[in-house]
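Data block for final27.txt (compact mmCIF, C-alpha atoms):
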```
# COMPACT_ATOMS: atom_id res chain seq x y z
CA MET Q 1 82.13 -103.52 -38.98
CA LYS Q 2 81.26 -107.15 -38.41
CA LYS Q 3 77.61 -107.99 -38.56
CA ASP Q 4 75.28 -110.88 -37.95
CA GLN Q 5 73.51 -112.08 -41.01
CA PHE Q 6 71.37 -114.99 -42.09
CA VAL Q 7 70.57 -115.87 -45.67
CA TYR Q 8 67.78 -118.20 -46.75
CA VAL Q 9 67.19 -119.30 -50.30
CA THR Q 10 64.19 -121.33 -51.31
CA TYR Q 11 62.70 -122.17 -54.70
CA ILE Q 12 58.92 -122.02 -54.88
CA ARG Q 13 56.76 -123.22 -57.77
CA THR Q 14 54.72 -120.05 -58.25
CA THR Q 15 54.93 -116.62 -59.92
CA PRO Q 16 56.68 -113.55 -58.48
CA GLU Q 17 53.28 -111.77 -58.33
CA LYS Q 18 51.64 -114.51 -56.25
CA LEU Q 19 54.66 -114.79 -53.96
CA TRP Q 20 54.71 -111.03 -53.43
CA LYS Q 21 51.06 -111.09 -52.38
CA ALA Q 22 51.63 -114.04 -50.08
CA LEU Q 23 54.46 -112.21 -48.29
CA ILE Q 24 52.42 -109.14 -47.37
CA GLU Q 25 48.67 -109.76 -47.60
CA PRO Q 26 46.78 -110.76 -44.43
CA GLU Q 27 44.74 -113.60 -45.95
CA PHE Q 28 48.03 -115.32 -46.81
CA THR Q 29 50.30 -114.38 -43.91
CA ARG Q 30 47.68 -115.59 -41.38
CA LYS Q 31 48.00 -119.08 -42.83
CA PHE Q 32 51.77 -119.58 -42.82
CA TRP Q 33 53.10 -116.88 -40.48
CA VAL Q 34 51.63 -118.02 -37.16
CA ASN Q 35 48.32 -116.19 -37.63
CA THR Q 36 49.91 -112.73 -37.89
CA THR Q 37 49.16 -109.86 -40.27
CA GLN Q 38 51.29 -106.97 -41.49
CA GLU Q 39 50.21 -103.38 -41.74
CA SER Q 40 51.80 -100.79 -43.96
CA GLU Q 41 51.01 -98.45 -46.83
CA TRP Q 42 53.79 -100.28 -48.66
CA LYS Q 43 55.72 -97.31 -49.98
CA PRO Q 44 59.22 -96.04 -49.12
CA GLY Q 45 59.26 -94.39 -45.70
CA ALA Q 46 55.91 -95.88 -44.64
CA SER Q 47 55.68 -97.45 -41.20
CA TRP Q 48 55.37 -101.20 -41.02
CA LYS Q 49 54.24 -103.58 -38.30
CA ILE Q 50 53.40 -107.19 -37.57
CA LYS Q 51 50.28 -107.86 -35.50
CA ALA Q 52 49.62 -111.08 -33.62
CA PRO Q 53 46.10 -112.16 -32.60
CA GLY Q 54 44.64 -109.78 -30.01
CA ASP Q 55 46.21 -106.78 -31.81
CA MET Q 56 49.55 -107.25 -30.08
CA ILE Q 57 52.31 -105.58 -32.10
CA THR Q 58 55.18 -108.03 -32.20
CA ASP Q 59 57.54 -106.24 -34.59
CA SER Q 60 57.68 -102.82 -36.19
CA GLY Q 61 59.77 -100.66 -38.45
CA GLU Q 62 59.69 -98.98 -41.82
CA VAL Q 63 59.66 -99.73 -45.53
CA LEU Q 64 63.12 -98.80 -46.84
CA GLU Q 65 62.87 -99.98 -50.44
CA ILE Q 66 59.96 -101.42 -52.35
CA GLU Q 67 59.88 -102.64 -55.93
CA PRO Q 68 56.97 -105.06 -56.48
CA PRO Q 69 57.24 -107.95 -57.26
CA ARG Q 70 61.02 -108.05 -57.04
CA ARG Q 71 62.48 -106.46 -53.94
CA LEU Q 72 61.38 -105.33 -50.51
CA VAL Q 73 63.66 -103.99 -47.77
CA LEU Q 74 62.37 -103.39 -44.25
CA LYS Q 75 63.76 -101.81 -41.10
CA TRP Q 76 62.66 -104.27 -38.43
CA ARG Q 77 62.68 -104.31 -34.65
CA ASN Q 78 61.18 -106.78 -32.21
CA GLU Q 79 58.59 -105.15 -29.92
CA PHE Q 80 57.57 -107.81 -27.43
CA ARG Q 81 60.78 -109.16 -25.97
CA PRO Q 82 62.66 -106.38 -24.14
CA GLU Q 83 66.09 -107.99 -24.56
CA LEU Q 84 65.56 -108.19 -28.33
CA LYS Q 85 63.98 -104.75 -28.64
CA ALA Q 86 67.04 -103.32 -26.87
CA GLU Q 87 69.23 -104.42 -29.80
CA GLY Q 88 67.48 -101.93 -32.07
CA TYR Q 89 66.73 -102.22 -35.76
CA SER Q 90 67.68 -105.02 -38.08
CA ARG Q 91 67.36 -105.04 -41.86
CA LEU Q 92 65.31 -107.54 -43.81
CA THR Q 93 65.60 -107.98 -47.56
CA TYR Q 94 63.35 -110.10 -49.77
CA GLU Q 95 64.48 -110.72 -53.32
CA LEU Q 96 62.26 -112.53 -55.80
CA GLU Q 97 63.70 -113.81 -59.08
CA LYS Q 98 61.88 -115.85 -61.65
CA GLU Q 99 63.80 -119.01 -62.57
CA GLY Q 100 61.99 -121.19 -65.08
CA LYS Q 101 58.72 -122.29 -63.56
CA SER Q 102 59.81 -121.31 -60.07
CA VAL Q 103 60.68 -118.21 -58.12
CA LYS Q 104 63.96 -118.03 -56.23
CA LEU Q 105 63.20 -116.31 -52.96
CA THR Q 106 66.19 -114.93 -51.06
CA VAL Q 107 65.61 -113.67 -47.54
CA ILE Q 108 68.46 -111.81 -45.82
CA HIS Q 109 68.08 -110.78 -42.21
CA GLU Q 110 70.97 -108.76 -40.80
CA MET Q 111 72.00 -106.66 -37.84
CA GLU Q 112 74.99 -104.32 -37.55
CA LYS Q 113 76.18 -106.10 -34.44
CA GLU Q 114 77.98 -109.31 -33.61
CA GLY Q 115 76.34 -111.98 -31.46
CA SER Q 116 72.83 -110.56 -31.96
CA LYS Q 117 70.21 -112.38 -29.90
CA PHE Q 118 67.53 -111.09 -32.24
CA ILE Q 119 69.17 -112.62 -35.33
CA GLN Q 120 69.63 -115.85 -33.36
CA ALA Q 121 65.95 -115.83 -32.39
CA VAL Q 122 64.62 -115.21 -35.91
CA SER Q 123 67.00 -117.79 -37.36
CA ASN Q 124 64.96 -120.46 -35.59
CA GLY Q 125 61.71 -119.12 -37.00
CA TRP Q 126 62.52 -118.32 -40.62
CA PRO Q 127 63.12 -121.87 -41.97
CA HIS Q 128 59.75 -122.91 -40.58
CA ILE Q 129 57.85 -119.90 -41.88
CA LEU Q 130 59.45 -120.15 -45.32
CA ALA Q 131 58.88 -123.91 -45.58
CA SER Q 132 55.24 -123.28 -44.74
CA LEU Q 133 54.98 -120.46 -47.30
CA LYS Q 134 56.39 -122.81 -49.96
CA SER Q 135 53.95 -125.51 -48.96
CA LEU Q 136 51.00 -123.09 -49.03
CA LEU Q 137 51.80 -121.80 -52.52
CA GLU Q 138 52.58 -125.21 -54.00
CA THR Q 139 49.90 -127.35 -52.39
CA GLY Q 140 47.33 -124.87 -51.07
CA GLU Q 141 48.07 -125.93 -47.51
CA SER Q 142 50.51 -124.45 -45.04
CA LEU Q 143 52.33 -126.52 -42.40
CA GLU Q 144 50.09 -127.16 -39.42
CA GLU Q 145 52.51 -125.94 -36.75
CA THR Q 146 52.76 -122.47 -38.38
CA ARG Q 147 49.03 -121.69 -38.38
CA GLU Q 148 48.66 -120.48 -34.81
CA TRP Q 149 50.53 -117.94 -32.76
CA PRO Q 150 52.62 -119.95 -30.22
CA ARG Q 151 51.14 -119.26 -26.80
CA GLU Q 152 54.43 -119.43 -24.87
CA ALA Q 153 55.86 -116.62 -27.02
CA CYS Q 154 53.28 -114.10 -25.73
CA LYS Q 155 54.64 -113.94 -22.25
CA MET F 1 65.47 -134.26 -58.45
CA ARG F 2 66.30 -131.64 -55.86
CA MET F 3 66.62 -134.13 -52.96
CA ASP F 4 69.12 -136.19 -54.97
CA ALA F 5 71.35 -133.15 -55.41
CA ILE F 6 71.19 -132.45 -51.68
CA PHE F 7 72.11 -136.00 -50.62
CA LYS F 8 74.85 -136.23 -53.26
CA ALA F 9 76.33 -132.96 -52.09
CA LEU F 10 76.26 -134.20 -48.49
CA ALA F 11 77.88 -137.52 -49.39
CA ASP F 12 81.39 -136.05 -49.43
CA PRO F 13 83.45 -135.40 -46.27
CA SER F 14 85.17 -132.29 -47.68
CA ARG F 15 81.83 -130.73 -48.52
CA ARG F 16 80.48 -131.54 -45.06
CA LYS F 17 83.63 -129.93 -43.63
CA LEU F 18 82.91 -126.81 -45.68
CA LEU F 19 79.38 -126.68 -44.26
CA ASP F 20 80.80 -127.10 -40.74
CA GLU F 21 83.19 -124.21 -41.36
CA LEU F 22 80.27 -122.02 -42.44
CA HIS F 23 78.30 -123.12 -39.42
CA LYS F 24 81.18 -121.87 -37.24
CA GLU F 25 81.38 -118.62 -39.15
CA ASN F 26 78.76 -117.73 -41.70
CA GLY F 27 79.44 -115.50 -44.68
CA GLN F 28 83.04 -116.41 -45.55
CA THR F 29 84.93 -115.70 -48.75
CA LEU F 30 86.68 -118.41 -50.78
CA SER F 31 90.07 -117.35 -49.38
CA GLU F 32 88.81 -117.51 -45.80
CA LEU F 33 87.38 -120.98 -46.39
CA CYS F 34 90.66 -122.18 -47.95
CA GLU F 35 92.57 -121.22 -44.79
CA HIS F 36 90.88 -123.97 -42.75
CA LEU F 37 91.09 -126.72 -45.33
CA GLU F 38 93.92 -128.78 -46.70
CA MET F 39 92.72 -128.52 -50.26
CA THR F 40 93.67 -126.53 -53.29
CA ARG F 41 91.70 -123.42 -54.11
CA GLN F 42 90.38 -125.14 -57.24
CA ALA F 43 89.11 -128.12 -55.24
CA VAL F 44 87.34 -125.85 -52.76
CA THR F 45 85.77 -123.90 -55.64
CA LYS F 46 84.51 -127.14 -57.18
CA HIS F 47 82.93 -128.25 -53.91
CA LEU F 48 81.34 -124.85 -53.37
CA VAL F 49 79.73 -124.97 -56.83
CA LEU F 50 78.14 -128.34 -55.99
CA LEU F 51 76.93 -127.10 -52.62
CA GLU F 52 75.45 -124.02 -54.26
CA LYS F 53 73.70 -126.12 -56.91
CA ALA F 54 72.15 -128.21 -54.16
CA ASN F 55 71.05 -124.93 -52.53
CA LEU F 56 72.92 -125.90 -49.36
CA ILE F 57 74.83 -122.65 -49.51
CA ALA F 58 73.73 -119.24 -50.70
CA VAL F 59 76.03 -116.67 -52.25
CA VAL F 60 75.75 -112.96 -51.60
CA TRP F 61 77.94 -110.36 -53.27
CA ARG F 62 79.30 -107.55 -51.11
CA GLY F 63 81.09 -105.19 -53.48
CA ARG F 64 83.64 -107.40 -55.21
CA GLU F 65 83.60 -110.03 -52.49
CA LYS F 66 81.62 -113.22 -52.86
CA LEU F 67 80.35 -114.34 -49.46
CA HIS F 68 79.15 -117.89 -48.78
CA TYR F 69 76.29 -118.51 -46.39
CA LEU F 70 74.92 -121.72 -45.01
CA ASN F 71 71.36 -122.03 -46.33
CA PRO F 72 69.25 -123.86 -43.76
CA MET F 73 66.26 -124.41 -46.08
CA PRO F 74 67.25 -127.79 -47.64
CA MET F 75 68.22 -129.15 -44.22
CA HIS F 76 64.81 -128.08 -43.01
CA GLU F 77 63.18 -129.89 -45.93
CA ILE F 78 65.14 -133.04 -45.07
CA TYR F 79 64.00 -132.67 -41.50
CA GLU F 80 60.36 -132.27 -42.55
CA ARG F 81 60.57 -135.17 -45.00
CA TRP F 82 62.76 -137.69 -43.17
CA ILE F 83 62.86 -136.89 -39.50
CA GLY F 84 59.76 -134.94 -38.54
CA LYS F 85 57.38 -137.45 -40.06
CA TYR F 86 58.88 -140.56 -38.48
CA GLU F 87 60.48 -139.35 -35.32
CA ARG F 88 58.37 -136.50 -34.03
CA HIS F 89 56.29 -138.60 -31.64
CA ARG F 90 59.23 -140.58 -30.35
CA LEU F 91 61.33 -137.44 -29.88
CA GLN F 92 58.40 -135.79 -28.14
CA ALA F 93 58.13 -138.79 -25.78
CA LEU F 94 61.84 -138.53 -25.00
CA SER F 95 61.72 -134.82 -24.31
CA ASP F 96 58.60 -135.27 -22.13
CA LEU F 97 60.45 -137.97 -20.19
CA LYS F 98 63.47 -135.69 -19.76
CA ARG F 99 61.28 -132.82 -18.57
CA GLY F 100 59.38 -135.09 -16.18
CA LEU F 101 62.57 -136.44 -14.64
CA GLU F 102 64.15 -133.03 -14.34
CA GLN F 103 61.07 -131.60 -12.67
CA LYS F 104 61.09 -134.44 -10.16
CA LYS F 105 64.72 -133.71 -9.45
CA THR F 106 64.17 -130.00 -8.80
CA LYS F 107 61.14 -130.79 -6.63
CA LYS F 108 63.25 -133.19 -4.56
CA ALA F 109 66.04 -130.66 -4.29
CA LYS F 110 63.56 -128.06 -3.07
CA THR F 111 62.02 -130.28 -0.38
CA LYS F 112 65.46 -131.16 1.00
```
Step by step, read the file and then write its structure as structure tokens.
Amino acid sequence: MKKDQFVYVTYIRTTPEKLWKALIEPEFTRKFWVNTTQESEWKPGASWKIKAPGDMITDSGEVLEIEPPRRLVLKWRNEFRPELKAEGYSRLTYELEKEGKSVKLTVIHEMEKEGSKFIQAVSNGWPHILASLKSLLETGESLEETREWPREACK
Amino acid sequence: MRMDAIFKALADPSRRKLLDELHKENGQTLSELCEHLEMTRQAVTKHLVLLEKANLIAVVWRGREKLHYLNPMPMHEIYERWIGKYERHRLQALSDLKRGLEQKKTKKAKTK
């Protein structure tokens, strides 16, 4: 079956442990991931969700595989845009590999469906979020435009 | 330097063509990419290695197949470094102008 898939690779001057924390812990995600936090017990089968300010759940799913600080696979569905929610669950994989003084972060977001609107929508967001994550870990400051939840997206 | 590798990789028309092919259809194998290009398999392989070194494409293995994906991260870095910084305000002014004019047009159309 054909599927829609996006792959992002970025090299970040940090350690796999720090990057792992930054990807899941609220005090980091708030800074580079438009002021959102993630909730999960972080073990296989545990539920997982993203919360925007005001406790709105924007995305939810389940932890499929977890191997800190190397690999995390999530089942992921949008919860606040009906046309995206209707497409069902996507699959998100983070892979962290140490390469010299950097970590190679590979992010794969895929959906068992061709022409997925959800994959199209996240493909606009990921480069921004990941560039901001890189900036935060390397310089201590995230990119300004990724610090607040975009108001027009709430409607 | 990383940026040098990116600009060098982009400085060749065949490599830009390869990126365009991946933009049309992401996740192609070497054989699929060769179909659209008038180049030998070896030449395509050589270009792909350079693009991968510059991080412009990412490789994912699916079983025994090597799939090539367009990696938008370096392009985004170029945007942040070379376009965003200098052009953001001007582009914003242009898009505001466009929106303003279009709104006027729809208002006029409505009052007619």
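CA of Val34 (chain Q) to CA of Trp149 (chain Q) spans 4.5 Å [interatomic distance, one decimal].
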Q: Compile the residues of chain F that lie within 10 Å of chain Q, evaluated using all atoms listed in the file, and express the compilation as a ChimeraX atom specification.
A: /F:25-27,55-60,68-77,80
**Q.** Counting all atoms listed in the file, the residue of Q:Lys134, Q:Arg77, Q:His109, Q:Lys117 that sits nearest Ser47 (chain Q)
**A.**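 Distance minimum relative to Ser47 (chain Q) lands on Q:Arg77.
Distances from F:Leu48, F:Ala5, F:Ser14, F:Lys53 to His36 (chain F) were compared using all atoms listed in the file, and the smallest one belongs to F:Ser14.
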(Q) I need the residue nearest Phe80 (chain Q) from this list: Q:Glu41, Q:Glu95, Q:Glu65, Q:Asp59. Use only C-alpha atoms for the distance. (A)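 Smallest distance to Phe80 (chain Q) is found for Q:Asp59.
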Q | From Q:Ile129, Q:Ile119, Q:Val103, Q:Ile24, residue lying nearest Glu87 (chain Q) [only C-alpha atoms] | A |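 Counting only C-alpha atoms, the residue closest to Glu87 (chain Q) is Q:Ile119.
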